[in-house]
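Novice: Sharing a structure below in structure tokens format, with a few things to ask.
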Amino acid sequence: MYPPKIGYVIPDNVKEALEFLEKHDDAKPLAGGHSLVPMLKLRILRPSYLVEIRRLPELNYVKVEGNVVKIGSVVTHYDIMKANIPLLSETASKIADPQVRNMGTIGGSISHLDPSADYPAALIAMDAKIKISSTRGERVENFSSFAKDMFTPDLNQGELVTEIEVPLLKGYKFSYQKLERRAGDFAIVGVAVALKVNGDIIEDARIGLTAVNRTAVRASEAEKILLSNKISEKLIEEAATKAMDYANPTSDIRGSAEYKKKMVKVMTKRAILTALNR
Ligand SMILES: Cc1cc2nc3c(=O)[nH]c(=O)nc-3n(C[C@H](O)[C@H](O)[C@H](O)COP(=O)(O)OP(=O)(O)OC[C@H]3O[C@@H](n4cnc5c(N)ncnc54)[C@H](O)[C@@H]3O)c2cc1C
């Protein structure tokens, strides 16, 4: 099906984009279009205007400031993959295929908030901060509160995600493990892990899960099992088993709920071992 007729606006800068979005409550920002265009074609959404933000240079940057990395919201999955950002670059490399990675943006992905998207596992594990701008100013939210529910970001009409900030987590070991049916598919289970290790003791552990709940979750009790403990096969097995408690998947074309839950254990174990071996 073709999308309905829509007005197309190309603002010169973020200020112009925000002013247009504020004035027109039936306008939607267009980034890479890889989630929005299919929804238009299916007529799930029928905005009167699309406001193209993808080519705004103000939103296209990756910069390190002190202990954090700041990422403009229209940075593509491909550019994130190339930017050597802890955990996020590896995650971006596992999103879909080269076509999607060349067009899709991190801001578009988290504003769409598909429950099976890849970034949320890493963003929740890293306690990412999301900067949201409107004509009224800026606010910053933790990713965990920004991701209110599936397909439901904490965004009002007239607001744009403008920046994603993640800590560098110097000295940590990282891994993102994704289980997919075929290369390029959305995740059946995605597990992001960041570990700080001193000798054979785990000093900090962060585990984020995606695709197994309405939104990404931190497997905090699994993290606690690892904390201040000596690395052993038994310890990793225990933590991975605990991570299953945070999975509440639904059965679908990608597998039964029972299978997905079991795979959380397998993928968590794999993510921890991969990180430790790096
Ligand atoms: C074939 C295919 C396979 C895919 N596989 C995967 C996969 O394996 N893993 C994965 O994670 N994703 C996957 N995706 C989704 C892909 O990552 C999309 O790029 C992403 O979900 C949306 O980003 P976008 O830049 O294309 O956003 P758009 O489609 O342009 O926008 C999506 C939504 O967000 C809004 N929006 C966009 N930018 C902003 C902003 N800065 N502020 C506020 N609102 C904004 C739009 O109005 C729209 O509602 C796949 C997509 C396709 C088509």
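Labeling convention for the structure tokens: chains A, B, ... as they appear, residues from 1 per chain, ligands from 1 in order of appearance.
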List all protein, DNA and RNA residues that have an atom no more than 6 Å from any atom of ligand 1, counting only C-alpha atoms and all ligand atoms, and report them as an MDAnalysis selection string.

Specialist: chainID A and resid 28:36 73 95:96 100 104:105 107:109 111:112 117:118 160:162 184:186

Novice: Go ahead and write the residues just picked, N, CA and C atoms, as a PDB file, in the first residue's frame.

Specialist:
ATOM      1  N   LYS A  28       5.129  14.843  12.175  1.00  0.00           N
ATOM      2  CA  LYS A  28       6.019  13.851  12.805  1.00  0.00           C
ATOM      3  C   LYS A  28       7.437  14.030  12.290  1.00  0.00           C
ATOM      4  N   PRO A  29       8.423  13.905  13.200  1.00  0.00           N
ATOM      5  CA  PRO A  29       9.805  13.951  12.713  1.00  0.00           C
ATOM      6  C   PRO A  29      10.132  12.711  11.886  1.00  0.00           C
ATOM      7  N   LEU A  30      10.903  12.906  10.834  1.00  0.00           N
ATOM      8  CA  LEU A  30      11.369  11.781  10.012  1.00  0.00           C
ATOM      9  C   LEU A  30      12.889  11.721  10.119  1.00  0.00           C
ATOM     10  N   ALA A  31      13.386  10.588  10.612  1.00  0.00           N
ATOM     11  CA  ALA A  31      14.855  10.406  10.667  1.00  0.00           C
ATOM     12  C   ALA A  31      15.227   9.476   9.517  1.00  0.00           C
ATOM     13  N   GLY A  32      15.598   8.230   9.790  1.00  0.00           N
ATOM     14  CA  GLY A  32      15.966   7.309   8.710  1.00  0.00           C
ATOM     15  C   GLY A  32      14.775   6.753   7.959  1.00  0.00           C
ATOM     16  N   GLY A  33      13.603   6.844   8.562  1.00  0.00           N
ATOM     17  CA  GLY A  33      12.367   6.382   7.919  1.00  0.00           C
ATOM     18  C   GLY A  33      12.168   4.874   7.943  1.00  0.00           C
ATOM     19  N   HIS A  34      13.080   4.139   8.582  1.00  0.00           N
ATOM     20  CA  HIS A  34      12.994   2.681   8.504  1.00  0.00           C
ATOM     21  C   HIS A  34      11.948   2.058   9.417  1.00  0.00           C
ATOM     22  N   SER A  35      11.381   2.840  10.289  1.00  0.00           N
ATOM     23  CA  SER A  35      10.215   2.375  11.053  1.00  0.00           C
ATOM     24  C   SER A  35       8.998   3.202  10.676  1.00  0.00           C
ATOM     25  N   LEU A  36       9.233   4.496  10.447  1.00  0.00           N
ATOM     26  CA  LEU A  36       8.112   5.400  10.169  1.00  0.00           C
ATOM     27  C   LEU A  36       7.460   5.105   8.804  1.00  0.00           C
ATOM     28  N   SER A  73      21.263  12.690  17.821  1.00  0.00           N
ATOM     29  CA  SER A  73      20.206  11.692  17.618  1.00  0.00           C
ATOM     30  C   SER A  73      20.111  11.159  16.192  1.00  0.00           C
ATOM     31  N   ILE A  95      22.616  -4.789  14.227  1.00  0.00           N
ATOM     32  CA  ILE A  95      21.280  -4.358  13.796  1.00  0.00           C
ATOM     33  C   ILE A  95      21.095  -4.683  12.307  1.00  0.00           C
ATOM     34  N   ALA A  96      20.084  -5.441  12.008  1.00  0.00           N
ATOM     35  CA  ALA A  96      19.619  -5.659  10.632  1.00  0.00           C
ATOM     36  C   ALA A  96      20.736  -5.926   9.626  1.00  0.00           C
ATOM     37  N   VAL A 100      19.766  -1.037   6.294  1.00  0.00           N
ATOM     38  CA  VAL A 100      19.104  -0.452   7.479  1.00  0.00           C
ATOM     39  C   VAL A 100      20.131   0.322   8.300  1.00  0.00           C
ATOM     40  N   GLY A 104      19.054   3.990   9.218  1.00  0.00           N
ATOM     41  CA  GLY A 104      18.438   4.073  10.544  1.00  0.00           C
ATOM     42  C   GLY A 104      19.315   4.840  11.513  1.00  0.00           C
ATOM     43  N   THR A 105      18.673   5.552  12.431  1.00  0.00           N
ATOM     44  CA  THR A 105      19.399   6.391  13.384  1.00  0.00           C
ATOM     45  C   THR A 105      19.124   5.931  14.813  1.00  0.00           C
ATOM     46  N   GLY A 107      18.467   7.900  17.346  1.00  0.00           N
ATOM     47  CA  GLY A 107      17.324   8.660  17.882  1.00  0.00           C
ATOM     48  C   GLY A 107      16.010   8.085  17.390  1.00  0.00           C
ATOM     49  N   GLY A 108      15.986   7.672  16.107  1.00  0.00           N
ATOM     50  CA  GLY A 108      14.770   7.075  15.549  1.00  0.00           C
ATOM     51  C   GLY A 108      14.455   5.754  16.214  1.00  0.00           C
ATOM     52  N   SER A 109      15.493   4.974  16.471  1.00  0.00           N
ATOM     53  CA  SER A 109      15.279   3.665  17.087  1.00  0.00           C
ATOM     54  C   SER A 109      14.680   3.808  18.483  1.00  0.00           C
ATOM     55  N   SER A 111      13.114   6.389  19.716  1.00  0.00           N
ATOM     56  CA  SER A 111      11.815   7.088  19.713  1.00  0.00           C
ATOM     57  C   SER A 111      10.711   6.141  19.254  1.00  0.00           C
ATOM     58  N   HIS A 112      11.082   5.188  18.423  1.00  0.00           N
ATOM     59  CA  HIS A 112      10.119   4.178  17.967  1.00  0.00           C
ATOM     60  C   HIS A 112       9.895   3.150  19.086  1.00  0.00           C
ATOM     61  N   ALA A 117      14.109  -4.132  19.674  1.00  0.00           N
ATOM     62  CA  ALA A 117      15.252  -3.375  19.148  1.00  0.00           C
ATOM     63  C   ALA A 117      16.507  -3.687  19.961  1.00  0.00           C
ATOM     64  N   ASP A 118      17.664  -3.486  19.341  1.00  0.00           N
ATOM     65  CA  ASP A 118      18.920  -3.886  19.980  1.00  0.00           C
ATOM     66  C   ASP A 118      19.476  -2.862  20.982  1.00  0.00           C
ATOM     67  N   LEU A 160      11.759  16.638  20.478  1.00  0.00           N
ATOM     68  CA  LEU A 160      12.693  15.809  19.694  1.00  0.00           C
ATOM     69  C   LEU A 160      13.754  15.241  20.618  1.00  0.00           C
ATOM     70  N   VAL A 161      14.104  13.974  20.413  1.00  0.00           N
ATOM     71  CA  VAL A 161      15.316  13.456  21.058  1.00  0.00           C
ATOM     72  C   VAL A 161      16.476  14.106  20.319  1.00  0.00           C
ATOM     73  N   THR A 162      17.355  14.794  21.056  1.00  0.00           N
ATOM     74  CA  THR A 162      18.467  15.465  20.370  1.00  0.00           C
ATOM     75  C   THR A 162      19.828  14.831  20.684  1.00  0.00           C
ATOM     76  N   GLY A 184      20.215 -10.599  10.307  1.00  0.00           N
ATOM     77  CA  GLY A 184      19.464  -9.403   9.906  1.00  0.00           C
ATOM     78  C   GLY A 184      18.103  -9.296  10.549  1.00  0.00           C
ATOM     79  N   ASP A 185      17.657 -10.335  11.261  1.00  0.00           N
ATOM     80  CA  ASP A 185      16.348 -10.281  11.921  1.00  0.00           C
ATOM     81  C   ASP A 185      16.405  -9.463  13.213  1.00  0.00           C
ATOM     82  N   PHE A 186      15.233  -9.095  13.691  1.00  0.00           N
ATOM     83  CA  PHE A 186      15.139  -8.531  15.040  1.00  0.00           C
ATOM     84  C   PHE A 186      15.531  -9.628  16.038  1.00  0.00           C
TER      85      PHE A 186
END

Novice: Excluding same-chain residues fewer than 5 positions from Leu45 of chain A, what lies within 12 Å of it counting only C-alpha atoms, as a PyMOL selection string?

Specialist: chain A and resi 3-6+26-28+35-40+50

Novice: Within 10 Å of Ile231 of chain A, counting only C-alpha atoms, which residues show up once you throw out same-chain ones fewer than 2 positions away? Write them as a PDB file with C-alpha atoms, in the first residue's frame, please.

Specialist:
ATOM      1  CA  VAL A 197      37.085  -6.943  36.769  1.00  0.00           C
ATOM      2  CA  GLY A 199      42.114  -9.857  39.069  1.00  0.00           C
ATOM      3  CA  ASP A 200      39.491 -12.574  39.335  1.00  0.00           C
ATOM      4  CA  ILE A 201      36.961 -10.469  41.248  1.00  0.00           C
ATOM      5  CA  ILE A 202      34.008  -8.755  39.530  1.00  0.00           C
ATOM      6  CA  LEU A 226      28.380 -11.458  40.244  1.00  0.00           C
ATOM      7  CA  LEU A 227      29.321  -8.466  42.411  1.00  0.00           C
ATOM      8  CA  SER A 228      32.426  -8.742  44.606  1.00  0.00           C
ATOM      9  CA  ASN A 229      32.655 -12.409  43.816  1.00  0.00           C
ATOM     10  CA  GLU A 233      31.787 -21.331  36.119  1.00  0.00           C
ATOM     11  CA  LYS A 234      29.311 -21.856  38.960  1.00  0.00           C
ATOM     12  CA  LEU A 235      28.984 -18.108  39.610  1.00  0.00           C
ATOM     13  CA  ILE A 236      28.311 -17.341  35.926  1.00  0.00           C
ATOM     14  CA  LEU A 276      35.535 -11.780  30.335  1.00  0.00           C
TER      15      LEU A 276
END

Novice: Measuring atom to atom with only C-alpha atoms, identify which of A:Lys70, A:Arg101, A:Ala216, A:Leu113 is nearest to Lys82 of chain A.

Specialist: A:Arg101

Novice: Calculate how many Å separate atom CA of Ile272 of chain A from atom CA of Glu237 of chain A, rounding to one decimal.

Specialist: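 Between these atoms lies a distance of 9.9 Å.
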
Novice: Enter the distance from atom CA of Ala247 of chain A to atom CA of Ile80 of chain A, in Å, rounded to one decimal.

Specialist: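 Straight-line distance from atom CA of Ala247 of chain A to atom CA of Ile80 of chain A works out to 27.6 Å.
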
Novice: What's the 9 Å shell around Tyr2 of chain A, counting only C-alpha atoms, without same-chain residues fewer than 6 positions away, as a PyMOL selection string?

Specialist: chain A and resi 40-43

Novice: Could you save the residues just selected, with N, CA and C atoms, as a compact mmCIF listing (two decimals), in the first residue's frame?

Specialist:
# COMPACT_ATOMS: atom_id res chain seq x y z
N LEU A 40 3.56 4.30 7.81
CA LEU A 40 2.74 5.15 6.93
C LEU A 40 2.10 4.31 5.84
N LYS A 41 2.90 3.38 5.30
CA LYS A 41 2.38 2.54 4.21
C LYS A 41 1.24 1.65 4.71
N LEU A 42 1.36 1.20 5.95
CA LEU A 42 0.28 0.37 6.51
C LEU A 42 -0.88 1.23 7.04
N ARG A 43 -0.69 2.55 6.98
CA ARG A 43 -1.69 3.53 7.46
C ARG A 43 -1.95 3.42 8.96

Novice: Do you know which residues are at most 8 Å from segment 164-174 of chain A counting only C-alpha atoms, after dropping those on the same chain fewer than 3 positions away, and could you put them as a PDB file with N, CA and C atoms, in the first residue's frame?

Specialist:
ATOM      1  N   ASN A  67      34.236  11.832  30.872  1.00  0.00           N
ATOM      2  CA  ASN A  67      34.004  10.388  30.987  1.00  0.00           C
ATOM      3  C   ASN A  67      32.771   9.910  30.226  1.00  0.00           C
ATOM      4  N   VAL A  68      32.236  10.760  29.346  1.00  0.00           N
ATOM      5  CA  VAL A  68      31.021  10.344  28.629  1.00  0.00           C
ATOM      6  C   VAL A  68      31.175  10.508  27.119  1.00  0.00           C
ATOM      7  N   VAL A  69      30.338   9.771  26.388  1.00  0.00           N
ATOM      8  CA  VAL A  69      30.259   9.949  24.930  1.00  0.00           C
ATOM      9  C   VAL A  69      28.891  10.560  24.645  1.00  0.00           C
ATOM     10  N   LYS A  70      28.890  11.639  23.865  1.00  0.00           N
ATOM     11  CA  LYS A  70      27.632  12.286  23.481  1.00  0.00           C
ATOM     12  C   LYS A  70      27.369  12.001  22.007  1.00  0.00           C
ATOM     13  N   ILE A  71      26.163  11.534  21.734  1.00  0.00           N
ATOM     14  CA  ILE A  71      25.823  11.110  20.368  1.00  0.00           C
ATOM     15  C   ILE A  71      24.595  11.891  19.909  1.00  0.00           C
ATOM     16  N   GLY A  72      24.727  12.591  18.797  1.00  0.00           N
ATOM     17  CA  GLY A  72      23.575  13.303  18.241  1.00  0.00           C
ATOM     18  C   GLY A  72      22.531  12.296  17.777  1.00  0.00           C
ATOM     19  N   SER A  73      21.263  12.690  17.821  1.00  0.00           N
ATOM     20  CA  SER A  73      20.206  11.692  17.618  1.00  0.00           C
ATOM     21  C   SER A  73      20.111  11.159  16.192  1.00  0.00           C
ATOM     22  N   ILE A  85      32.447   3.124  20.203  1.00  0.00           N
ATOM     23  CA  ILE A  85      31.785   3.481  21.468  1.00  0.00           C
ATOM     24  C   ILE A  85      31.563   2.183  22.238  1.00  0.00           C
ATOM     25  N   PRO A  86      32.010   2.150  23.505  1.00  0.00           N
ATOM     26  CA  PRO A  86      31.846   0.913  24.265  1.00  0.00           C
ATOM     27  C   PRO A  86      30.418   0.375  24.171  1.00  0.00           C
ATOM     28  N   LEU A  87      30.286  -0.879  23.947  1.00  0.00           N
ATOM     29  CA  LEU A  87      29.023  -1.615  23.895  1.00  0.00           C
ATOM     30  C   LEU A  87      28.090  -1.195  22.747  1.00  0.00           C
ATOM     31  N   GLY A 107      18.467   7.900  17.346  1.00  0.00           N
ATOM     32  CA  GLY A 107      17.324   8.660  17.882  1.00  0.00           C
ATOM     33  C   GLY A 107      16.010   8.085  17.390  1.00  0.00           C
ATOM     34  N   LEU A 123      21.705   0.482  26.298  1.00  0.00           N
ATOM     35  CA  LEU A 123      21.401   1.789  26.897  1.00  0.00           C
ATOM     36  C   LEU A 123      20.961   1.642  28.351  1.00  0.00           C
ATOM     37  N   MET A 126      24.000   0.669  30.489  1.00  0.00           N
ATOM     38  CA  MET A 126      24.959   1.763  30.689  1.00  0.00           C
ATOM     39  C   MET A 126      24.342   2.975  31.382  1.00  0.00           C
ATOM     40  N   ASP A 127      23.092   2.895  31.766  1.00  0.00           N
ATOM     41  CA  ASP A 127      22.420   4.055  32.388  1.00  0.00           C
ATOM     42  C   ASP A 127      22.492   5.280  31.491  1.00  0.00           C
ATOM     43  N   ALA A 128      22.150   5.111  30.225  1.00  0.00           N
ATOM     44  CA  ALA A 128      22.248   6.218  29.263  1.00  0.00           C
ATOM     45  C   ALA A 128      21.286   7.350  29.646  1.00  0.00           C
ATOM     46  N   LYS A 129      21.682   8.552  29.235  1.00  0.00           N
ATOM     47  CA  LYS A 129      20.811   9.719  29.449  1.00  0.00           C
ATOM     48  C   LYS A 129      20.321  10.216  28.083  1.00  0.00           C
ATOM     49  N   ILE A 130      19.054  10.590  28.050  1.00  0.00           N
ATOM     50  CA  ILE A 130      18.441  11.019  26.789  1.00  0.00           C
ATOM     51  C   ILE A 130      18.095  12.500  26.906  1.00  0.00           C
ATOM     52  N   LYS A 131      18.634  13.305  25.985  1.00  0.00           N
ATOM     53  CA  LYS A 131      18.295  14.743  25.993  1.00  0.00           C
ATOM     54  C   LYS A 131      17.134  14.971  25.028  1.00  0.00           C
ATOM     55  N   VAL A 161      14.104  13.974  20.413  1.00  0.00           N
ATOM     56  CA  VAL A 161      15.316  13.456  21.058  1.00  0.00           C
ATOM     57  C   VAL A 161      16.476  14.106  20.319  1.00  0.00           C
ATOM     58  N   ALA A 192      23.133  -7.422  26.811  1.00  0.00           N
ATOM     59  CA  ALA A 192      24.301  -6.541  26.854  1.00  0.00           C
ATOM     60  C   ALA A 192      24.925  -6.635  28.242  1.00  0.00           C
ATOM     61  N   VAL A 193      26.243  -6.767  28.262  1.00  0.00           N
ATOM     62  CA  VAL A 193      26.935  -6.935  29.539  1.00  0.00           C
ATOM     63  C   VAL A 193      28.124  -5.977  29.616  1.00  0.00           C
ATOM     64  N   ALA A 194      28.292  -5.330  30.765  1.00  0.00           N
ATOM     65  CA  ALA A 194      29.495  -4.533  31.040  1.00  0.00           C
ATOM     66  C   ALA A 194      30.033  -4.983  32.394  1.00  0.00           C
ATOM     67  N   LEU A 195      31.293  -5.368  32.426  1.00  0.00           N
ATOM     68  CA  LEU A 195      31.879  -5.919  33.659  1.00  0.00           C
ATOM     69  C   LEU A 195      33.172  -5.186  34.001  1.00  0.00           C
ATOM     70  N   LYS A 196      33.327  -4.849  35.293  1.00  0.00           N
ATOM     71  CA  LYS A 196      34.610  -4.304  35.745  1.00  0.00           C
ATOM     72  C   LYS A 196      35.276  -5.395  36.576  1.00  0.00           C
ATOM     73  N   VAL A 197      36.441  -5.784  36.131  1.00  0.00           N
ATOM     74  CA  VAL A 197      37.085  -6.943  36.769  1.00  0.00           C
ATOM     75  C   VAL A 197      38.429  -6.517  37.353  1.00  0.00           C
ATOM     76  N   THR A 274      32.023 -13.984  26.968  1.00  0.00           N
ATOM     77  CA  THR A 274      32.670 -13.228  25.873  1.00  0.00           C
ATOM     78  C   THR A 274      33.336 -11.974  26.427  1.00  0.00           C
ATOM     79  N   ALA A 275      32.618 -11.254  27.306  1.00  0.00           N
ATOM     80  CA  ALA A 275      33.192 -10.032  27.894  1.00  0.00           C
ATOM     81  C   ALA A 275      34.458 -10.385  28.678  1.00  0.00           C
ATOM     82  N   LEU A 276      34.377 -11.416  29.496  1.00  0.00           N
ATOM     83  CA  LEU A 276      35.535 -11.780  30.335  1.00  0.00           C
ATOM     84  C   LEU A 276      36.743 -12.172  29.494  1.00  0.00           C
ATOM     85  N   ARG A 278      37.650 -10.859  26.735  1.00  0.00           N
ATOM     86  CA  ARG A 278      38.163  -9.774  25.887  1.00  0.00           C
ATOM     87  C   ARG A 278      39.317  -9.042  26.574  1.00  0.00           C
TER      88      ARG A 278
END

Novice: As a PyMOL selection string, please: all residues of segment 31-211 of chain A that backbone DSSP puts in helix (DSSP H, G or I).

Specialist: chain A and resi 36-41+57-59+77-82+88-93+98-103+106-112+119-125+143-146

Novice: Please, could you write that set of residues out with C-alpha atoms as a PDB file, in the first residue's frame?

Specialist:
ATOM      1  CA  LEU A  36       8.112   5.400  10.169  1.00  0.00           C
ATOM      2  CA  VAL A  37       7.688   4.744   6.434  1.00  0.00           C
ATOM      3  CA  PRO A  38       6.402   1.166   6.911  1.00  0.00           C
ATOM      4  CA  MET A  39       3.870   2.521   9.435  1.00  0.00           C
ATOM      5  CA  LEU A  40       2.742   5.155   6.926  1.00  0.00           C
ATOM      6  CA  LYS A  41       2.379   2.542   4.213  1.00  0.00           C
ATOM      7  CA  PRO A  57      24.286  18.728  10.996  1.00  0.00           C
ATOM      8  CA  GLU A  58      23.489  19.974  14.534  1.00  0.00           C
ATOM      9  CA  LEU A  59      22.179  16.497  15.398  1.00  0.00           C
ATOM     10  CA  HIS A  77      23.698   2.741  13.115  1.00  0.00           C
ATOM     11  CA  TYR A  78      26.589   2.507  10.625  1.00  0.00           C
ATOM     12  CA  ASP A  79      28.374   5.549  12.068  1.00  0.00           C
ATOM     13  CA  ILE A  80      27.878   4.251  15.613  1.00  0.00           C
ATOM     14  CA  MET A  81      29.313   0.915  14.534  1.00  0.00           C
ATOM     15  CA  LYS A  82      32.425   2.724  13.254  1.00  0.00           C
ATOM     16  CA  LEU A  88      27.028   0.575  21.464  1.00  0.00           C
ATOM     17  CA  SER A  89      29.332   0.013  18.473  1.00  0.00           C
ATOM     18  CA  GLU A  90      29.095  -3.742  18.855  1.00  0.00           C
ATOM     19  CA  THR A  91      25.326  -3.461  19.296  1.00  0.00           C
ATOM     20  CA  ALA A  92      24.949  -1.313  16.158  1.00  0.00           C
ATOM     21  CA  SER A  93      26.945  -3.854  14.149  1.00  0.00           C
ATOM     22  CA  PRO A  98      23.869  -2.711   5.740  1.00  0.00           C
ATOM     23  CA  GLN A  99      20.871  -0.955   4.126  1.00  0.00           C
ATOM     24  CA  VAL A 100      19.104  -0.452   7.479  1.00  0.00           C
ATOM     25  CA  ARG A 101      22.354   0.457   9.248  1.00  0.00           C
ATOM     26  CA  ASN A 102      23.108   3.123   6.631  1.00  0.00           C
ATOM     27  CA  MET A 103      19.743   4.851   7.040  1.00  0.00           C
ATOM     28  CA  ILE A 106      19.831   5.885  17.107  1.00  0.00           C
ATOM     29  CA  GLY A 107      17.324   8.660  17.882  1.00  0.00           C
ATOM     30  CA  GLY A 108      14.770   7.075  15.549  1.00  0.00           C
ATOM     31  CA  SER A 109      15.279   3.665  17.087  1.00  0.00           C
ATOM     32  CA  ILE A 110      14.707   4.798  20.668  1.00  0.00           C
ATOM     33  CA  SER A 111      11.815   7.088  19.713  1.00  0.00           C
ATOM     34  CA  HIS A 112      10.119   4.178  17.967  1.00  0.00           C
ATOM     35  CA  TYR A 119      20.131  -0.576  21.475  1.00  0.00           C
ATOM     36  CA  PRO A 120      17.858  -0.668  24.560  1.00  0.00           C
ATOM     37  CA  ALA A 121      19.818  -3.560  26.164  1.00  0.00           C
ATOM     38  CA  ALA A 122      23.043  -1.532  26.003  1.00  0.00           C
ATOM     39  CA  LEU A 123      21.401   1.789  26.897  1.00  0.00           C
ATOM     40  CA  ILE A 124      19.772   0.394  30.033  1.00  0.00           C
ATOM     41  CA  ALA A 125      22.945  -1.453  31.070  1.00  0.00           C
ATOM     42  CA  PHE A 143      16.820   5.771  29.487  1.00  0.00           C
ATOM     43  CA  SER A 144      14.985   3.569  32.018  1.00  0.00           C
ATOM     44  CA  SER A 145      12.339   6.262  32.608  1.00  0.00           C
ATOM     45  CA  PHE A 146      12.337   7.446  28.975  1.00  0.00           C
TER      46      PHE A 146
END

Novice: Give me the residues within 6 Å of segment 133-142 of chain A as a count of residues only, counting only C-alpha atoms and dropping any in the same chain fewer than 6 places off.

Specialist: 4

Novice: Please extract the residues of segment 4-242 of chain A with a backbone DSSP assignment of strand (DSSP E) and present them as an MDAnalysis selection string.

Specialist: chainID A and resid 7:9 27:30 49:52 62:65 68:72 129:134 137:142 147:149 152:153 160:167 172:179 189:198 201:210 217:218
